Every structure is written in C-alpha cells, then in structure tokens.
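Q: Here it is, the structure, as structure tokens.
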Amino acid sequence: MHVKVDDRAAFDVIGLMAQRASHEIAPLAEVRITVLGSARIGFDVFDGADHLAAVGTPEEALDCVFARVYRRAVELASLKGWLRVHGAVAGADGHRVAVVGPAGAGKTTLAVGLLCEGAAVEVDESFVIRDGEVMGVARRLHAQPGTFELVTSASWAADAPAFGRSPVRLVDPTEHGFPWALPRAPIEHVMVLRRTEGPSRMEPAPAALVVQEVIRQAFPVLEPRRVAVRQAANLASSAHCHSLHAGPDGRAPRLVMDLVDARPVS
Amino acid sequence: MSQLQSAGPRARADLEVNEVPDGLVIYDEARDQVHYLNHTASLIFCLCTGDNDEPTIAEQVGKGFALDRVPTSETAQCLADLRREGLLD
C-alpha cells in the first residue's frame with residue numbers, strides 16, 4: 001500500500017494505518033492512494049486516478065483510505081477462497097487460539113490481556129479462514145477506555161495514539177516491545193466469546209456452537225453462503241471448541257493461557 | 001411400483017453436508033437454512049439412502065449405539081423432524 005499525503009496533519013492521522021506486523025505471505029496487489037488538500041479546504045482522496053471522496057477532516061480521510069484498502073484486501077482474499085470472520089487470534093508456546101465473537105464481546109480487552117500475559121497477539125478484530133487455516137487481518141488493536149479499566153497491567157497501552165477525538169487507542173504491539181507476526185497456519189483452539197456479569201469461565205463447547213457463531217460473524221464478500229458454512233465447519237473440525245465467558249474479574253486471558261499451557265507441543 | 005412402495009426415506013441429494021466432531025452441519029441452499037444434527041440424528045440422516053425402511057433404520061440405530069432395545073419411536077420422531085425440516089425427499 002502506498003499512500004501519498006501532502007498535508008502534515010493528515011499524514012500523521014493516516015499514518016496510523018501503518019503497522020509493523022510481519023506477514024507470512026507476499027503482497028498480492030498494490031494500492032496507490034493519494035490524499036490532497038488540507039484541513040482548511042478539505043481533502044480529496046484518490047485511488048490511482050479514481051476520485052473516491054471529498055472529505056472535511058483527516059479522520060474522515062483515514063476512514064476513506066482504510067475502507068478502500070481493506071475492501072480491496074478482503075476481496076482479493078475472497079477470490080482466493082478465504083472467508084473473513086470477526087474475531088481475535090493469539091498464540092503462546094506454539095499454540096494458536098482463535099476467538100470469535102460480536103462487536104462489544106470483549107475481543108480487544110482479551111487480546112490486550114493476553115499481551116500482558118505474554119501471548120503473541122495477532123489480531124483483535126478479524127481474521128480469514130480457509131480449509132482450517134487461519135490468518136489475521138492486519139490492523140492496530142483498537143483499545144477502548146474500558147479495556148484499561150479491566151486490564152490494569154496494560155497502562156502502557158494508554159500512551160498509544162488516539163484516533164482523532166475518539167478515546168480509542170490504536171495499539172501497534174511492536175511500539176510497546178511486543179512481537180507482531182501474522183502467520184498462516186492452523187489453530188489449536190477456537191472459542192466463542194461471551195460477556196458475563198459473573199466469574200470468567202471456559203468450558204468445552206459443541207462444534208455446532210462454534211460453527212453457528214463463525215457463520216454469524218462471517219463477512220462473505222463474493223463467496224456464496226454454502227462456502228461460509230463449509231469453512232466454518234472445517235474450522236470447528238480442525239480445533240478444540242470452547243465457550244469463553246469473560247467476566248469483570250478480568251481472568252479470561254489467564255484462562256486462555258492455562259488452556260494452552262496445559263497442552264504439550266506435539 | 002413395488003420398488004417405490006418399498007423405498008425408505010431418502011436424504012435430499014442437493015444438500016451440502018459437512019462433518020464436525022459432534023455431528024453434521026447441513027446447508028440447504030434452496031431454503032438458505034443451516035441445520036445442526038447431533039450424533040443420533042446424523043446417523044439416522046446417513047441411513048436415509050432410500051434403501052432402508054424405518055424399521056431397518058431403527059434397528060441400525062439400536063446397533064450403532066449398542067442399545068438393548070430398538071429405538072422405534074425415537075427414530076420415527078427424528079425422521080419426522082428431518083422431514084419437517086425439509087431434509088428428506
């Protein structure tokens with residue numbers, strides 16, 4: 001992705017799209033975005049020669065660039081048979097875990113908590129699946145203020161850049177001393193994440209529950225629904241299925257770490 | 001005609017059937033519906049080849065789960081559910 005921005009303030013905001021995750025696969029295509037203008041006169045966003053939008057603020061320009069780049073990436077992935085799913089991925093000691101859940105379920109809070117527990121967090125928002133393999137969709141972790149209330153050991157992330165006037169912090173793990181890699185590989189555990197007001201707990205789940213949630217959290221682009229069902233079934237068949245109830249005690253990351261610690265590397 | 005009369009229940013051929021560790025996930029594209037079948041329902045569904053009548057299916061289920069009786073009424077109920085959900089011809 002090449003983004004040319006001629007306004008310093010806009011450059012700083014749009015630069016938040018940049019992240020330093022190491023990718024296992026080579027780029028499939030290039031996107032060349034140009035953002036012209038300033039906060040005084042507004043911005044015009046182009047993809048090559050195509051005028052995408054005229055917007056008023058750097059944050060709106062970032063939204064436009066983000067949407068364009070991610071749509072292209074997800075369409076390309078879809079053409080290659082990958083299905084995008086709302087969820088988080090992390091690994092520890094060679095074991096990878098995928099967590100599926102809707103917006104607001106606590107994926108980012110879990111991801112930041114896992115970082116603090118020493119896990120290698122890959123993504124907190126979405127990943128793509130194909131034939132049981134999982135690959136994170138690169139994006140900075142989007143931590144809400146509630147994350148820092150629940151994960152008190154994550155105060156370091158409060159220094160991450162904010163998105164405009166929003167309280168959301170855009171966390172690049174590498175800027176805080178953590179590794180950040182996005183492998184393409186199978187996972188060992190898949191869990192459905194739910195909030196609870198009670199104590200955090202994890203329990204085995206039927207594959208059907210995981211399939212149902214993966215289908216619900218899938219974002220099919222070009223693929224028919226039967227492909228989403230097949231990929232969800234493949235994912236649930238290739239991993240141990242769990243349901244994770246994350247409570248206000250903040251113990252959910254520890255439960256995930258206990259799970260991966262309990263399984264020796266084979 | 002006699003062949004038709006002796007034919008047992010038959011699963012629809014156009015369904016997309018996916019195996020998972022605890023059963024089957026079936027996608028019915030014509031109705032855009034996803035069905036989740038547990039082990040018992042999956043076994044009964046798989047026995048719906050058209051060659052097995054209901055008593056034979058019940059007998060096979062009894063053997064499959066090492067039951068001490070033939071689960072006739074349970075099998076009939078499951079077949080009725082599969083029919084109601086449109087998974088059988």
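Chain labels follow the order of the structure tokens: the first chain is A, the next B, and so on; residue numbering restarts at 1 in every chain, and ligands are counted from 1 in their shown order.
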Which residues of chain A sit at most 10 Å from chain B, using only C-alpha atoms? Give each one's shortest atom pair and distance in Å (one decimal place), in chain and ascending residue order, as JSON lines.
A:
{"residue": "A:Pro206", "atom": "CA", "partner": "B:Asp22", "partner_atom": "CA", "distance": 6.7}
{"residue": "A:Ala207", "atom": "CA", "partner": "B:Asp22", "partner_atom": "CA", "distance": 6.3}
{"residue": "A:Ala208", "atom": "CA", "partner": "B:Tyr36", "partner_atom": "CA", "distance": 6.2}
{"residue": "A:Leu209", "atom": "CA", "partner": "B:Tyr36", "partner_atom": "CA", "distance": 9.1}
{"residue": "A:Val211", "atom": "CA", "partner": "B:Val25", "partner_atom": "CA", "distance": 8.1}
{"residue": "A:Gln212", "atom": "CA", "partner": "B:Val34", "partner_atom": "CA", "distance": 8.6}
{"residue": "A:Ile215", "atom": "CA", "partner": "B:Val34", "partner_atom": "CA", "distance": 9.6}
{"residue": "A:Pro224", "atom": "CA", "partner": "B:Glu29", "partner_atom": "CA", "distance": 9.3}
{"residue": "A:Arg225", "atom": "CA", "partner": "B:Asp32", "partner_atom": "CA", "distance": 8.0}
{"residue": "A:Arg226", "atom": "CA", "partner": "B:Tyr27", "partner_atom": "CA", "distance": 6.3}
{"residue": "A:Val227", "atom": "CA", "partner": "B:Tyr27", "partner_atom": "CA", "distance": 9.6}
{"residue": "A:Ala228", "atom": "CA", "partner": "B:Tyr27", "partner_atom": "CA", "distance": 9.9}
{"residue": "A:Val229", "atom": "CA", "partner": "B:Tyr27", "partner_atom": "CA", "distance": 6.9}
{"residue": "A:Arg230", "atom": "CA", "partner": "B:Asn18", "partner_atom": "CA", "distance": 6.4}
{"residue": "A:Gln231", "atom": "CA", "partner": "B:Asn18", "partner_atom": "CA", "distance": 9.4}
{"residue": "A:Ala232", "atom": "CA", "partner": "B:Val25", "partner_atom": "CA", "distance": 9.4}
{"residue": "A:Ala233", "atom": "CA", "partner": "B:Val20", "partner_atom": "CA", "distance": 6.1}
{"residue": "A:Asn234", "atom": "CA", "partner": "B:Val20", "partner_atom": "CA", "distance": 7.5}
{"residue": "A:Leu235", "atom": "CA", "partner": "B:Val20", "partner_atom": "CA", "distance": 9.2}
{"residue": "A:Ala236", "atom": "CA", "partner": "B:Val20", "partner_atom": "CA", "distance": 6.7}
{"residue": "A:Ser237", "atom": "CA", "partner": "B:Val20", "partner_atom": "CA", "distance": 5.1}
{"residue": "A:Ser238", "atom": "CA", "partner": "B:Val20", "partner_atom": "CA", "distance": 8.8}
{"residue": "A:Ala239", "atom": "CA", "partner": "B:Pro21", "partner_atom": "CA", "distance": 9.7}
{"residue": "A:His240", "atom": "CA", "partner": "B:Pro21", "partner_atom": "CA", "distance": 9.5}
{"residue": "A:Cys241", "atom": "CA", "partner": "B:Pro21", "partner_atom": "CA", "distance": 9.7}
Q: Could you take the residues named above and write them with C-alpha atoms, as a short mmCIF file (atom, residue, chain, number, x, y, z; two decimals), in the first residue's frame?
A:
data_model
loop_
_atom_site.label_atom_id
_atom_site.label_comp_id
_atom_site.auth_asym_id
_atom_site.auth_seq_id
_atom_site.Cartn_x
_atom_site.Cartn_y
_atom_site.Cartn_z
CA PRO A 206 -20.13 -28.37 20.81
CA ALA A 207 -18.71 -27.78 17.35
CA ALA A 208 -22.20 -26.70 16.30
CA LEU A 209 -21.97 -23.67 18.61
CA VAL A 211 -19.98 -23.19 13.50
CA GLN A 212 -23.07 -21.12 14.29
CA ILE A 215 -21.27 -18.12 10.33
CA PRO A 224 -21.92 -17.98 -1.52
CA ARG A 225 -23.23 -18.84 1.93
CA ARG A 226 -22.55 -22.54 1.48
CA VAL A 227 -18.84 -21.70 1.36
CA ALA A 228 -19.14 -19.86 4.67
CA VAL A 229 -20.87 -22.88 6.19
CA ARG A 230 -18.20 -25.24 4.82
CA GLN A 231 -15.31 -23.10 6.05
CA ALA A 232 -16.93 -22.71 9.47
CA ALA A 233 -17.36 -26.49 9.70
CA ASN A 234 -13.72 -27.01 8.63
CA LEU A 235 -12.53 -24.61 11.33
CA ALA A 236 -14.62 -26.25 14.05
CA SER A 237 -13.42 -29.70 12.95
CA SER A 238 -9.76 -28.76 12.99
CA ALA A 239 -9.61 -27.35 16.53
CA HIS A 240 -10.82 -27.93 20.07
CA CYS A 241 -14.04 -25.98 20.62
#
Q: Might you pull out every residue within 8 Å of Ala54 in chain A, with only C-alpha atoms counted and same-chain residues fewer than 2 positions away left off, and present them as a PyMOL selection string?
A: chain A and resi 42-45+52+56
Q: Near Arg10 in chain B, within 8 Å and counting only C-alpha atoms, which residues show up once chain neighbours fewer than 4 positions away are dropped, as a ChimeraX atom specification?
A: /B:48-51,88-89
Q: Could you tell me, as a PyMOL selection string, which residues of range 138-238 of chain A DSSP assigns to alpha helix (DSSP H) when given the backbone?
A: chain A and resi 145-150+207-216+225-237
Q: For His51 in chain A, find every residue with an atom within 12 Å (counting only C-alpha atoms), except residues of its own chain fewer than 5 positions away, and show them as a count of residues only.
A: 11
Q: Counting only C-alpha atoms, what is within 12 Å of Ser73 in chain B, bar same-chain residues fewer than 6 positions away, as an MDAnalysis selection string?
A: chainID B and resid 54:55 57:59 61:62 79:80
Q: Skip Leu259 in chain A itself and residues of its chain fewer than 4 positions away, then list as JSON, numbers by chain all residues within 10 Å of it, counting only C-alpha atoms.
A: {"A": [95, 97, 189, 202, 253, 254, 255, 263]}
Q: For the strand (DSSP E) assignment from backbone DSSP, which residues of range 33-67 of chain A qualify? Please present them as a PDB file with C-alpha atoms, in the first residue's frame.
A:
ATOM      1  CA  ILE A  33      -3.836   6.206  -2.642  1.00  0.00           C
ATOM      2  CA  THR A  34      -3.314   9.975  -2.819  1.00  0.00           C
ATOM      3  CA  VAL A  35      -4.797  12.437  -0.345  1.00  0.00           C
ATOM      4  CA  LEU A  36      -4.721  16.067  -1.489  1.00  0.00           C
ATOM      5  CA  GLY A  37      -5.781  19.178   0.384  1.00  0.00           C
ATOM      6  CA  SER A  38      -5.645  20.490   3.927  1.00  0.00           C
ATOM      7  CA  GLY A  42     -10.849  19.766   2.917  1.00  0.00           C
ATOM      8  CA  PHE A  43      -9.341  16.647   1.360  1.00  0.00           C
ATOM      9  CA  ASP A  44      -9.774  14.776  -1.904  1.00  0.00           C
ATOM     10  CA  VAL A  45      -8.949  11.086  -1.790  1.00  0.00           C
ATOM     11  CA  PHE A  46      -7.883   9.236  -4.959  1.00  0.00           C
ATOM     12  CA  ASP A  47      -7.172   5.594  -5.714  1.00  0.00           C
ATOM     13  CA  ASP A  50     -10.269   7.436  -9.368  1.00  0.00           C
ATOM     14  CA  HIS A  51     -11.676  10.141  -7.113  1.00  0.00           C
ATOM     15  CA  LEU A  52     -13.003   8.277  -4.097  1.00  0.00           C
ATOM     16  CA  ALA A  53     -14.311  11.087  -1.900  1.00  0.00           C
ATOM     17  CA  ALA A  54     -14.157  14.707  -0.821  1.00  0.00           C
ATOM     18  CA  VAL A  55     -13.990  14.881   2.972  1.00  0.00           C
TER      19      VAL A  55
END
Q: Do a neighbour search on Val99 in chain A at 8 Å with only C-alpha atoms, toss out local chain neighbours closer than 2 positions, and write the hits as a list in words.
A: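 Everything that qualifies: Gly87, Ala88, Val89, Val97, Gly101, Lys107, Val190, Met191, Val192 and Leu193 of chain A.
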